[in-house]
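Novice: PDB, C-alpha atoms, pLDDT in the B column, saved as work_21.pdb, coming up:
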```pdb
ATOM      1  CA  MET A   1       0.000   0.000   0.000  1.00 45.00           C
ATOM      2  CA  ASP A   2       1.445   3.337  -1.077  1.00 48.00           C
ATOM      3  CA  ALA A   3       1.628   6.264   1.320  1.00 56.00           C
ATOM      4  CA  PRO A   4      -0.808   9.052   0.414  1.00 72.00           C
ATOM      5  CA  ASN A   5       0.562  12.167  -1.233  1.00 82.00           C
ATOM      6  CA  TYR A   6      -0.435  15.111   0.898  1.00 90.00           C
ATOM      7  CA  ILE A   7      -0.612  18.688  -0.363  1.00 91.00           C
ATOM      8  CA  TYR A   8      -0.741  20.258   3.117  1.00 93.00           C
ATOM      9  CA  TYR A   9       1.310  19.359   6.150  1.00 92.00           C
ATOM     10  CA  ALA A  10      -1.642  20.251   8.392  1.00 94.00           C
ATOM     11  CA  PHE A  11      -5.209  21.572   8.235  1.00 94.00           C
ATOM     12  CA  ILE A  12      -6.217  24.161  10.837  1.00 95.00           C
ATOM     13  CA  SER A  13      -9.878  23.979  11.875  1.00 92.00           C
ATOM     14  CA  HIS A  14     -11.174  26.909  13.912  1.00 92.00           C
ATOM     15  CA  SER A  15     -14.181  29.076  14.622  1.00 91.00           C
ATOM     16  CA  HIS A  16     -14.108  32.634  13.325  1.00 89.00           C
ATOM     17  CA  ARG A  17     -13.723  34.005  16.851  1.00 94.00           C
ATOM     18  CA  ASP A  18     -10.406  32.089  17.028  1.00 94.00           C
ATOM     19  CA  ALA A  19      -9.159  33.370  13.651  1.00 92.00           C
ATOM     20  CA  LYS A  20      -6.419  35.417  15.356  1.00 95.00           C
ATOM     21  CA  TRP A  21      -4.994  32.273  16.976  1.00 96.00           C
ATOM     22  CA  ALA A  22      -5.334  30.282  13.757  1.00 95.00           C
ATOM     23  CA  ARG A  23      -3.301  32.916  11.862  1.00 94.00           C
ATOM     24  CA  TRP A  24      -0.662  32.921  14.602  1.00 96.00           C
ATOM     25  CA  ILE A  25      -0.363  29.111  14.649  1.00 95.00           C
ATOM     26  CA  GLN A  26      -0.185  28.912  10.855  1.00 95.00           C
ATOM     27  CA  LYS A  27       2.597  31.498  10.662  1.00 95.00           C
ATOM     28  CA  ALA A  28       4.510  29.978  13.597  1.00 96.00           C
ATOM     29  CA  LEU A  29       4.388  26.474  12.134  1.00 95.00           C
ATOM     30  CA  GLU A  30       5.339  27.570   8.633  1.00 94.00           C
ATOM     31  CA  ARG A  31       8.355  29.503   9.976  1.00 95.00           C
ATOM     32  CA  TYR A  32       9.532  26.695  12.275  1.00 94.00           C
ATOM     33  CA  ARG A  33      12.542  24.668  11.122  1.00 93.00           C
ATOM     34  CA  LEU A  34      12.769  21.113  12.373  1.00 90.00           C
ATOM     35  CA  PRO A  35      16.132  20.552  14.078  1.00 92.00           C
ATOM     36  CA  SER A  36      18.499  18.486  11.943  1.00 90.00           C
ATOM     37  CA  ALA A  37      19.132  16.125  14.897  1.00 90.00           C
ATOM     38  CA  ILE A  38      15.445  15.170  14.918  1.00 89.00           C
ATOM     39  CA  ARG A  39      15.338  14.789  11.133  1.00 89.00           C
ATOM     40  CA  LYS A  40      18.419  12.547  11.188  1.00 88.00           C
ATOM     41  CA  LYS A  41      17.043  10.288  13.948  1.00 90.00           C
ATOM     42  CA  SER A  42      13.701   9.782  12.206  1.00 86.00           C
ATOM     43  CA  GLN A  43      13.128   6.507  10.382  1.00 86.00           C
ATOM     44  CA  LYS A  44      10.966   8.386   7.853  1.00 84.00           C
ATOM     45  CA  PRO A  45      12.162  11.402   5.883  1.00 84.00           C
ATOM     46  CA  LEU A  46      11.089  14.638   7.533  1.00 84.00           C
ATOM     47  CA  PRO A  47      10.932  18.056   5.863  1.00 85.00           C
ATOM     48  CA  LYS A  48      13.051  20.989   6.972  1.00 89.00           C
ATOM     49  CA  LYS A  49       9.909  23.111   7.331  1.00 91.00           C
ATOM     50  CA  LEU A  50       6.263  22.263   8.030  1.00 89.00           C
ATOM     51  CA  VAL A  51       4.769  23.834   4.914  1.00 91.00           C
ATOM     52  CA  PRO A  52       2.201  24.444   3.696  1.00 92.00           C
ATOM     53  CA  ILE A  53      -0.360  24.632   6.485  1.00 93.00           C
ATOM     54  CA  PHE A  54      -4.006  24.947   5.328  1.00 91.00           C
ATOM     55  CA  ARG A  55      -6.227  27.660   6.800  1.00 88.00           C
ATOM     56  CA  ASP A  56      -9.515  28.609   5.164  1.00 79.00           C
ATOM     57  CA  GLU A  57      -8.806  32.339   4.954  1.00 74.00           C
ATOM     58  CA  THR A  58      -5.589  31.802   3.003  1.00 65.00           C
ATOM     59  CA  ASP A  59      -6.164  28.585   1.075  1.00 62.00           C
ATOM     60  CA  LEU A  60      -9.859  27.954   0.410  1.00 64.00           C
ATOM     61  CA  GLY A  61     -10.843  28.446  -3.217  1.00 61.00           C
ATOM     62  CA  ALA A  62     -14.171  29.334  -4.731  1.00 64.00           C
ATOM     63  CA  GLY A  63     -16.847  26.733  -5.300  1.00 65.00           C
ATOM     64  CA  LYS A  64     -18.887  24.438  -3.129  1.00 78.00           C
ATOM     65  CA  LEU A  65     -17.692  25.112   0.404  1.00 78.00           C
ATOM     66  CA  LEU A  66     -18.336  21.717   1.993  1.00 81.00           C
ATOM     67  CA  GLU A  67     -16.829  19.783  -0.928  1.00 83.00           C
ATOM     68  CA  ASN A  68     -13.757  22.032  -0.950  1.00 83.00           C
ATOM     69  CA  ILE A  69     -13.228  21.627   2.801  1.00 86.00           C
ATOM     70  CA  HIS A  70     -13.518  17.835   2.566  1.00 87.00           C
ATOM     71  CA  ARG A  71     -11.039  17.752  -0.342  1.00 88.00           C
ATOM     72  CA  GLU A  72      -8.489  19.963   1.444  1.00 88.00           C
ATOM     73  CA  LEU A  73      -8.862  18.035   4.694  1.00 92.00           C
ATOM     74  CA  ALA A  74      -8.211  14.757   2.845  1.00 93.00           C
ATOM     75  CA  ALA A  75      -5.128  16.390   1.298  1.00 93.00           C
ATOM     76  CA  SER A  76      -3.691  17.231   4.747  1.00 94.00           C
ATOM     77  CA  ARG A  77      -1.378  15.007   6.759  1.00 92.00           C
ATOM     78  CA  TYR A  78      -2.518  16.303  10.161  1.00 93.00           C
ATOM     79  CA  LEU A  79      -5.538  18.088  11.643  1.00 95.00           C
ATOM     80  CA  ILE A  80      -5.161  20.917  14.177  1.00 96.00           C
ATOM     81  CA  VAL A  81      -8.373  21.898  15.978  1.00 95.00           C
ATOM     82  CA  ILE A  82      -8.556  25.197  17.835  1.00 93.00           C
TER
END
```
Write out the structure in this file as structure tokens.
Specialist:
Amino acid sequence: MDAPNYIYYAFISHSHRDAKWARWIQKALERYRLPSAIRKKSQKPLPKKLVPIFRDETDLGAGKLLENIHRELAASRYLIVI
């Protein structure tokens, strides 16, 4: 069985009242560099940076909202819920 090909490293789910925190987390994660010691010890290849991170305000395209969210969630390796 092949490993899925993900477009996003993570998908941030949040309410609109938590949009400030979602923006902060997205920026912090996308700027973070994984230490080379951790990457070297991993049995699986790890990226230098955790990019891209999906957030609706920056990555959601036009069209049917629910279908788009399901597609982008399926294309994300991890889910972050705020």
Novice: Take the point (-0.6, 17.9, 2.7) as written in the file and pick out every residue within 7 Å of it, counting all atoms listed in the file; give the list as a list in words.
Specialist: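 Taken together, the residues in range are Tyr6, Ile7, Tyr8, Tyr9, Ala10, Ala75, Ser76 and Arg77 of chain A.
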Novice: Between A:His70, A:Arg39, A:Lys44, A:Arg55, which is the closest to Ser15 in chain A once you count only C-alpha atoms?
Specialist: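 Closest to Ser15 in chain A, using only C-alpha atoms: A:Arg55.
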Novice: Give me the residues near Arg33 in chain A as a list in words, where near means some atom within 9 Å (using only C-alpha atoms) and where sequence neighbours in that chain fewer than 4 positions away do not count.
Specialist: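 Non-adjacent residues within range: Leu29, Pro47, Lys48, Lys49 and Leu50 of chain A.
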Novice: Residues near Trp21 in chain A, anyone? I mean within 12 Å using all atoms listed in the file, not counting same-chain ones fewer than 6 positions away, as a ChimeraX atom specification.
Specialist: /A:12-15,27-28,55,80-82
Novice: Calculated over all atoms listed in the file, which of the candidates A:Pro35, A:Leu79, A:Asn68, A:Phe11 has the smallest distance to Pro52 in chain A?
Specialist: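 Ranked by minimum distance to Pro52 in chain A, first place goes to A:Phe11.
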Novice: Work out how far CA of His16 in chain A is from CA of Ile53 in chain A, in Å to one decimal.
Specialist: 17.3 Å
Novice: For range 10-29 of chain A, take all atoms listed in the file, fit an axis-aligned box around them, add 3 Å to each of the six sides, then output centre and edge lengths in Å rounded to one decimal, as lines of an AutoDock Vina configuration file.
Specialist:
```
center_x = -4.8
center_y = 27.8
center_z = 12.6
size_x = 24.7
size_y = 21.2
size_z = 14.8
```
Novice: What gap, in Å, lies between CA of Asp18 in chain A and CA of Asn5 in chain A?
Specialist: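 Going from CA of Asp18 in chain A over to CA of Asn5 in chain A, I get 29.2 Å.
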Novice: So the first atom is CA of Gln26 in chain A and the second is CA of Lys40 in chain A; what is the distance between them in Å, to one decimal place?
Specialist: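 Distance between the two atoms: 24.8 Å.
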Novice: Nearest to Leu46 in chain A among A:Arg71, A:Leu34, A:Tyr78, A:Lys64, with distances taken over all atoms listed in the file: which residue is it?
Specialist: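 Closest candidate: A:Leu34.
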Novice: Reconstruct N, CA, C and O atoms of range 41-52 of chain A from the incomplete input and present them as an mmCIF file, keeping the file's coordinate frame.
Specialist:
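Saved to selection_27.cif:
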```cif
data_model
loop_
_atom_site.group_PDB
_atom_site.id
_atom_site.type_symbol
_atom_site.label_atom_id
_atom_site.label_comp_id
_atom_site.auth_asym_id
_atom_site.auth_seq_id
_atom_site.Cartn_x
_atom_site.Cartn_y
_atom_site.Cartn_z
ATOM 1 N N LYS A 41 17.426 11.443 13.132
ATOM 2 C CA LYS A 41 17.043 10.288 13.948
ATOM 3 C C LYS A 41 15.764 9.610 13.467
ATOM 4 O O LYS A 41 15.487 8.475 13.818
ATOM 5 N N SER A 42 14.981 10.314 12.667
ATOM 6 C CA SER A 42 13.701 9.782 12.206
ATOM 7 C C SER A 42 13.910 8.634 11.216
ATOM 8 O O SER A 42 14.808 8.674 10.385
ATOM 9 N N GLN A 43 13.066 7.626 11.322
ATOM 10 C CA GLN A 43 13.128 6.507 10.382
ATOM 11 C C GLN A 43 12.472 6.871 9.050
ATOM 12 O O GLN A 43 12.733 6.237 8.042
ATOM 13 N N LYS A 44 11.605 7.892 9.071
ATOM 14 C CA LYS A 44 10.966 8.386 7.853
ATOM 15 C C LYS A 44 11.566 9.739 7.514
ATOM 16 O O LYS A 44 11.944 10.495 8.404
ATOM 17 N N PRO A 45 11.647 10.075 6.232
ATOM 18 C CA PRO A 45 12.162 11.402 5.883
ATOM 19 C C PRO A 45 11.249 12.510 6.408
ATOM 20 O O PRO A 45 10.029 12.415 6.290
ATOM 21 N N LEU A 46 11.837 13.494 7.009
ATOM 22 C CA LEU A 46 11.089 14.638 7.533
ATOM 23 C C LEU A 46 11.513 15.898 6.780
ATOM 24 O O LEU A 46 12.680 16.054 6.442
ATOM 25 N N PRO A 47 10.580 16.814 6.561
ATOM 26 C CA PRO A 47 10.932 18.056 5.863
ATOM 27 C C PRO A 47 11.692 19.009 6.780
ATOM 28 O O PRO A 47 11.633 18.887 7.998
ATOM 29 N N LYS A 48 12.383 19.961 6.179
ATOM 30 C CA LYS A 48 13.051 20.989 6.972
ATOM 31 C C LYS A 48 12.030 21.932 7.596
ATOM 32 O O LYS A 48 12.210 22.414 8.690
ATOM 33 N N LYS A 49 10.960 22.206 6.848
ATOM 34 C CA LYS A 49 9.909 23.111 7.331
ATOM 35 C C LYS A 49 8.555 22.433 7.189
ATOM 36 O O LYS A 49 8.358 21.598 6.323
ATOM 37 N N LEU A 50 7.617 22.823 8.032
ATOM 38 C CA LEU A 50 6.263 22.263 8.030
ATOM 39 C C LEU A 50 5.361 23.127 7.146
ATOM 40 O O LEU A 50 4.519 23.871 7.621
ATOM 41 N N VAL A 51 5.538 23.018 5.856
ATOM 42 C CA VAL A 51 4.769 23.834 4.914
ATOM 43 C C VAL A 51 4.193 22.975 3.805
ATOM 44 O O VAL A 51 4.775 21.945 3.476
ATOM 45 N N PRO A 52 3.084 23.377 3.252
ATOM 46 C CA PRO A 52 2.201 24.444 3.696
ATOM 47 C C PRO A 52 1.216 23.953 4.748
ATOM 48 O O PRO A 52 0.964 22.756 4.873
#
```
